[in-house]
Amino acid sequence: MQQNFHTLDEILSQPDAWEDVIQRVEKDRNRLNDVFRNEEYEEVLFLGCGSSYYLCLSASRVFANFIGRKSTALPSSELLLYPDIYLKRGKSYLIVPVSRSGETSETVNALSYVRESYRIKSFAISCYEESSLLKESDACLILPRASEKSVVMTKSFTSMLLALELAIALSAEANDYYRELQTLPKLGENIIKRYKSFLEDFVKDLGCEQFVYLGSGPYYGLACEAMLKMKEMANLPCEAYHTLEYIHGPKSTANDKTLVCLLYSADERKWEERFLEELASLGTRNLIECEVSMDRIRKLSDLVVEIKSELSDFARGILYMPPLQLLAFYKAVKRNLNPDRPKNLSQVVTY
């Protein structure tokens with residue numbers, strides 16, 4: 001299938017979109033300084049569907065680490081169908097709904113309902129200014145350069161996550177973290193240049209038909225999102241787990257047609273090295289994303305993607321996404337599928 005794809009263009013253009021996010025946040029920093037700082041809120045709920053929910057999983061861990069207050073990530077449908085489980089009358093909440101289009105039915109309807117019945121304020125993230133979600137929200141951040149023509153979320157995912165991370169850094173007065181995030185565009189550009197052709201060649205010889213994505217802490221949401229990209233684009237069985245959970249049952253399906261993708265964390269290195277030894281005994285193919293590899297990691301892996309960012313775990317995570325998005329894209333093309341038009345999917349889910 002030789003043609004131009006919007007999906008590939010959007011994956012490759014992510015560093016430019018990130019630079020735009022950084023400029024928008026910096027321009028609006030006086031307002032964003034206080035988004036997550038208000039101690040009136042007893043809890044922050046990050047809300048989304050699909051990719052946006054996985055984004056929220058990562059953002060909530062970043063919030064908990066830097067702000068140090070209670071936060072929860074929820075699928076929008078959970079809050080829509082079971083609000084009394086998650087919200088208590090008399091308590092105050094900040095809800096952060098995330099939606100690329102701003103029209104996702106569950107997210108818009110959940111926010112509209114809880115605004116009438118609970119003490120909440122909302123801060124929405126979207127790529128489109130004229131949307132139902134923004135009309136329901138008290139405040140928002142709009143990222144038009146992150147909008148996409150393709151169905152699957154790639155640059156919108158990383159851009160909206162980056163925007164939340166920057167806002168959290170401002171509110172937490174985490175200046176070192178904020179400066180680290182500002183270096184992502186250049187680093188991302190280098191990673192894409194280093195691994196684009198390499199991953200294309202890797203997929204050509206990859207006979208795997210089952211994919212497993214593993215990550216812990218702020219990387220779990222990223223692992224889930226990478227799983228969804230392969231499922232959407234290549235239409236193959238995929239799973240995602242917290243890293244060490246894989247050895248508690250799921251490994252029973254592992255075989256030589258399984259590719260395990262591990263988002264390696266420096267903070268968990270001791271445990272993940274032992275885990276790699278377990279993987280080697282299962283006969284799976286293994287792709288490891290890490291800051292810098294060691295001989296031991298290379299010996300236990302089929303492919304190592306080295307980020308070489310010199311950033312902290314919390315700042316580095318977004319850089320893991322472009323190689324995994326490219327992996328899904330090239331696998332889809334190899335299977336003669338159109339990544340721009342995944343089976344049964346549309347860009348906006350409304351009903």
# chains A, B, ... in the order shown; residues from 1 in each chain; ligands from 1
$ residues_around --residues "stretch 155-168 of chain A" --least-positions-apart "3" --cutoff "8 Å" --atoms "only C-alpha atoms" --output "JSON, numbers by chain"
{"A": [10, 11, 13, 14, 17, 18, 21, 22, 25, 29, 32, 33, 35, 36, 51, 52, 55, 56, 58, 59, 62, 63, 66, 67, 98, 100, 125, 126, 127, 143, 146, 147, 148, 171, 172, 178, 181, 318, 321]}
$ residues_around --residues "stretch 322-327 of chain A" --least-positions-apart "5" --cutoff "9 Å" --atoms "only C-alpha atoms" --output "PyMOL selection string"
chain A and resi 8+11-12+14+154-155+158+188+191-192+195-196+199-200+202-203+226-227+229-230+261+289+305+332
$ residues_around --residues "A:Gly221" --least-positions-apart "3" --cutoff "7 Å" --atoms "only C-alpha atoms" --output "PyMOL selection string"
chain A and resi 54-55+57-58+218+224-225
$ select_by_dssp --residues "stretch 100-295 of chain A" --states "strand (DSSP E or B)" --output "ChimeraX atom specification"
/A:119-126,139-142,210-214,238-241,258-263,285-290
$ write_last_selection --atoms "C-alpha atoms" --output "short mmCIF file (atom, residue, chain, number, x, y, z; two decimals), in the first residue's frame"
data_model
loop_
_atom_site.label_atom_id
_atom_site.label_comp_id
_atom_site.auth_asym_id
_atom_site.auth_seq_id
_atom_site.Cartn_x
_atom_site.Cartn_y
_atom_site.Cartn_z
CA ARG A 119 -19.80 21.43 43.90
CA ILE A 120 -17.40 21.39 41.01
CA LYS A 121 -15.30 23.64 38.85
CA SER A 122 -13.91 22.45 35.53
CA PHE A 123 -10.82 23.01 33.41
CA ALA A 124 -11.11 21.45 29.96
CA ILE A 125 -8.45 20.50 27.39
CA SER A 126 -9.40 20.25 23.72
CA ALA A 139 -11.99 27.40 32.03
CA CYS A 140 -10.10 25.73 29.21
CA LEU A 141 -6.91 25.38 27.23
CA ILE A 142 -7.28 25.02 23.46
CA GLN A 210 -0.08 -10.47 19.54
CA PHE A 211 1.18 -7.39 21.35
CA VAL A 212 1.58 -6.63 25.06
CA TYR A 213 2.44 -3.20 26.45
CA LEU A 214 3.76 -2.75 29.98
CA CYS A 238 -3.31 -6.29 22.23
CA GLU A 239 -3.15 -6.00 25.98
CA ALA A 240 -1.70 -3.51 28.47
CA TYR A 241 -0.76 -4.06 32.10
CA THR A 258 4.06 -12.24 21.11
CA LEU A 259 5.87 -8.91 21.13
CA VAL A 260 6.19 -7.47 24.63
CA CYS A 261 6.87 -3.71 24.70
CA LEU A 262 8.23 -2.50 28.04
CA LEU A 263 8.34 1.19 28.94
CA ARG A 285 9.96 -11.12 21.34
CA ASN A 286 10.83 -8.07 23.41
CA LEU A 287 11.04 -4.34 22.65
CA ILE A 288 12.42 -2.19 25.43
CA GLU A 289 12.17 1.60 25.61
CA CYS A 290 14.60 3.07 28.11
#
$ atom_distance --atom1 "atom CA of A:Gly90" --atom2 "atom CA of A:Tyr118"
7.4 Å
$ select_by_dssp --residues "stretch 59-212 of chain A" --states "alpha helix (DSSP H)" --output "NGL selection string"
:A and (59-66 or 76-81 or 83-86 or 105-117 or 132-136 or 155-172 or 175-182 or 184-204)
$ atom_distance --atom1 "atom CA of A:Asn38" --atom2 "atom CA of A:Leu133"
22.1 Å
$ decode --residues "stretch 125-153 of chain A" --atoms "N, CA and C atoms" --output "mmCIF file, in the first residue's frame"
data_model
loop_
_atom_site.group_PDB
_atom_site.id
_atom_site.type_symbol
_atom_site.label_atom_id
_atom_site.label_comp_id
_atom_site.auth_asym_id
_atom_site.auth_seq_id
_atom_site.Cartn_x
_atom_site.Cartn_y
_atom_site.Cartn_z
ATOM 1 N N ILE A 125 -9.502 20.503 28.411
ATOM 2 C CA ILE A 125 -8.450 20.497 27.394
ATOM 3 C C ILE A 125 -9.049 19.963 26.105
ATOM 4 N N SER A 126 -8.873 20.694 25.010
ATOM 5 C CA SER A 126 -9.401 20.255 23.716
ATOM 6 C C SER A 126 -8.585 20.889 22.596
ATOM 7 N N CYS A 127 -8.825 20.404 21.384
ATOM 8 C CA CYS A 127 -8.126 20.941 20.215
ATOM 9 C C CYS A 127 -9.008 21.863 19.391
ATOM 10 N N TYR A 128 -10.276 22.000 19.778
ATOM 11 C CA TYR A 128 -11.221 22.801 18.993
ATOM 12 C C TYR A 128 -11.923 23.803 19.884
ATOM 13 N N GLU A 129 -11.930 25.046 19.422
ATOM 14 C CA GLU A 129 -12.476 26.136 20.238
ATOM 15 C C GLU A 129 -13.991 26.103 20.321
ATOM 16 N N GLU A 130 -14.652 25.912 19.210
ATOM 17 C CA GLU A 130 -16.114 25.927 19.179
ATOM 18 C C GLU A 130 -16.634 24.518 19.443
ATOM 19 N N SER A 131 -16.727 24.139 20.690
ATOM 20 C CA SER A 131 -17.175 22.784 21.015
ATOM 21 C C SER A 131 -18.109 22.805 22.215
ATOM 22 N N SER A 132 -18.906 21.768 22.314
ATOM 23 C CA SER A 132 -19.870 21.663 23.414
ATOM 24 C C SER A 132 -19.176 21.568 24.761
ATOM 25 N N LEU A 133 -18.040 20.874 24.815
ATOM 26 C CA LEU A 133 -17.333 20.705 26.079
ATOM 27 C C LEU A 133 -16.861 22.046 26.637
ATOM 28 N N LEU A 134 -16.316 22.869 25.786
ATOM 29 C CA LEU A 134 -15.808 24.156 26.262
ATOM 30 C C LEU A 134 -16.925 25.070 26.722
ATOM 31 N N LYS A 135 -18.090 24.926 26.122
ATOM 32 C CA LYS A 135 -19.243 25.711 26.561
ATOM 33 C C LYS A 135 -19.706 25.295 27.949
ATOM 34 N N GLU A 136 -19.452 24.048 28.320
ATOM 35 C CA GLU A 136 -19.852 23.550 29.638
ATOM 36 C C GLU A 136 -18.796 23.826 30.714
ATOM 37 N N SER A 137 -17.597 24.219 30.297
ATOM 38 C CA SER A 137 -16.465 24.312 31.226
ATOM 39 C C SER A 137 -16.277 25.729 31.762
ATOM 40 N N ASP A 138 -15.727 25.794 32.969
ATOM 41 C CA ASP A 138 -15.448 27.093 33.581
ATOM 42 C C ASP A 138 -14.197 27.730 32.991
ATOM 43 N N ALA A 139 -13.233 26.914 32.624
ATOM 44 C CA ALA A 139 -11.992 27.404 32.027
ATOM 45 C C ALA A 139 -11.478 26.329 31.081
ATOM 46 N N CYS A 140 -10.552 26.707 30.201
ATOM 47 C CA CYS A 140 -10.097 25.730 29.212
ATOM 48 C C CYS A 140 -8.722 26.109 28.677
ATOM 49 N N LEU A 141 -8.117 25.155 28.009
ATOM 50 C CA LEU A 141 -6.909 25.383 27.233
ATOM 51 C C LEU A 141 -7.130 24.722 25.880
ATOM 52 N N ILE A 142 -6.995 25.500 24.808
ATOM 53 C CA ILE A 142 -7.283 25.024 23.458
ATOM 54 C C ILE A 142 -5.973 24.875 22.698
ATOM 55 N N LEU A 143 -5.825 23.739 21.997
ATOM 56 C CA LEU A 143 -4.581 23.430 21.293
ATOM 57 C C LEU A 143 -4.871 23.131 19.821
ATOM 58 N N PRO A 144 -5.128 24.152 19.017
ATOM 59 C CA PRO A 144 -5.521 23.915 17.631
ATOM 60 C C PRO A 144 -4.452 23.239 16.778
ATOM 61 N N ARG A 145 -3.165 23.467 17.090
ATOM 62 C CA ARG A 145 -2.105 22.839 16.302
ATOM 63 C C ARG A 145 -2.023 21.343 16.556
ATOM 64 N N ALA A 146 -2.723 20.859 17.575
ATOM 65 C CA ALA A 146 -2.728 19.429 17.874
ATOM 66 C C ALA A 146 -3.882 18.688 17.214
ATOM 67 N N SER A 147 -4.750 19.412 16.514
ATOM 68 C CA SER A 147 -5.884 18.754 15.851
ATOM 69 C C SER A 147 -5.387 17.860 14.714
ATOM 70 N N GLU A 148 -6.208 16.886 14.329
ATOM 71 C CA GLU A 148 -5.786 15.866 13.370
ATOM 72 C C GLU A 148 -6.839 15.607 12.308
ATOM 73 N N LYS A 149 -6.381 15.133 11.161
ATOM 74 C CA LYS A 149 -7.281 14.697 10.094
ATOM 75 C C LYS A 149 -7.592 13.214 10.210
ATOM 76 N N SER A 150 -6.676 12.457 10.761
ATOM 77 C CA SER A 150 -6.868 11.013 10.882
ATOM 78 C C SER A 150 -7.776 10.680 12.058
ATOM 79 N N VAL A 151 -8.242 9.447 12.102
ATOM 80 C CA VAL A 151 -9.133 8.995 13.168
ATOM 81 C C VAL A 151 -8.367 8.777 14.464
ATOM 82 N N VAL A 152 -7.231 8.108 14.392
ATOM 83 C CA VAL A 152 -6.499 7.761 15.618
ATOM 84 C C VAL A 152 -5.810 8.996 16.194
ATOM 85 N N MET A 153 -5.740 9.039 17.493
ATOM 86 C CA MET A 153 -5.072 10.137 18.186
ATOM 87 C C MET A 153 -3.582 9.829 18.328
#
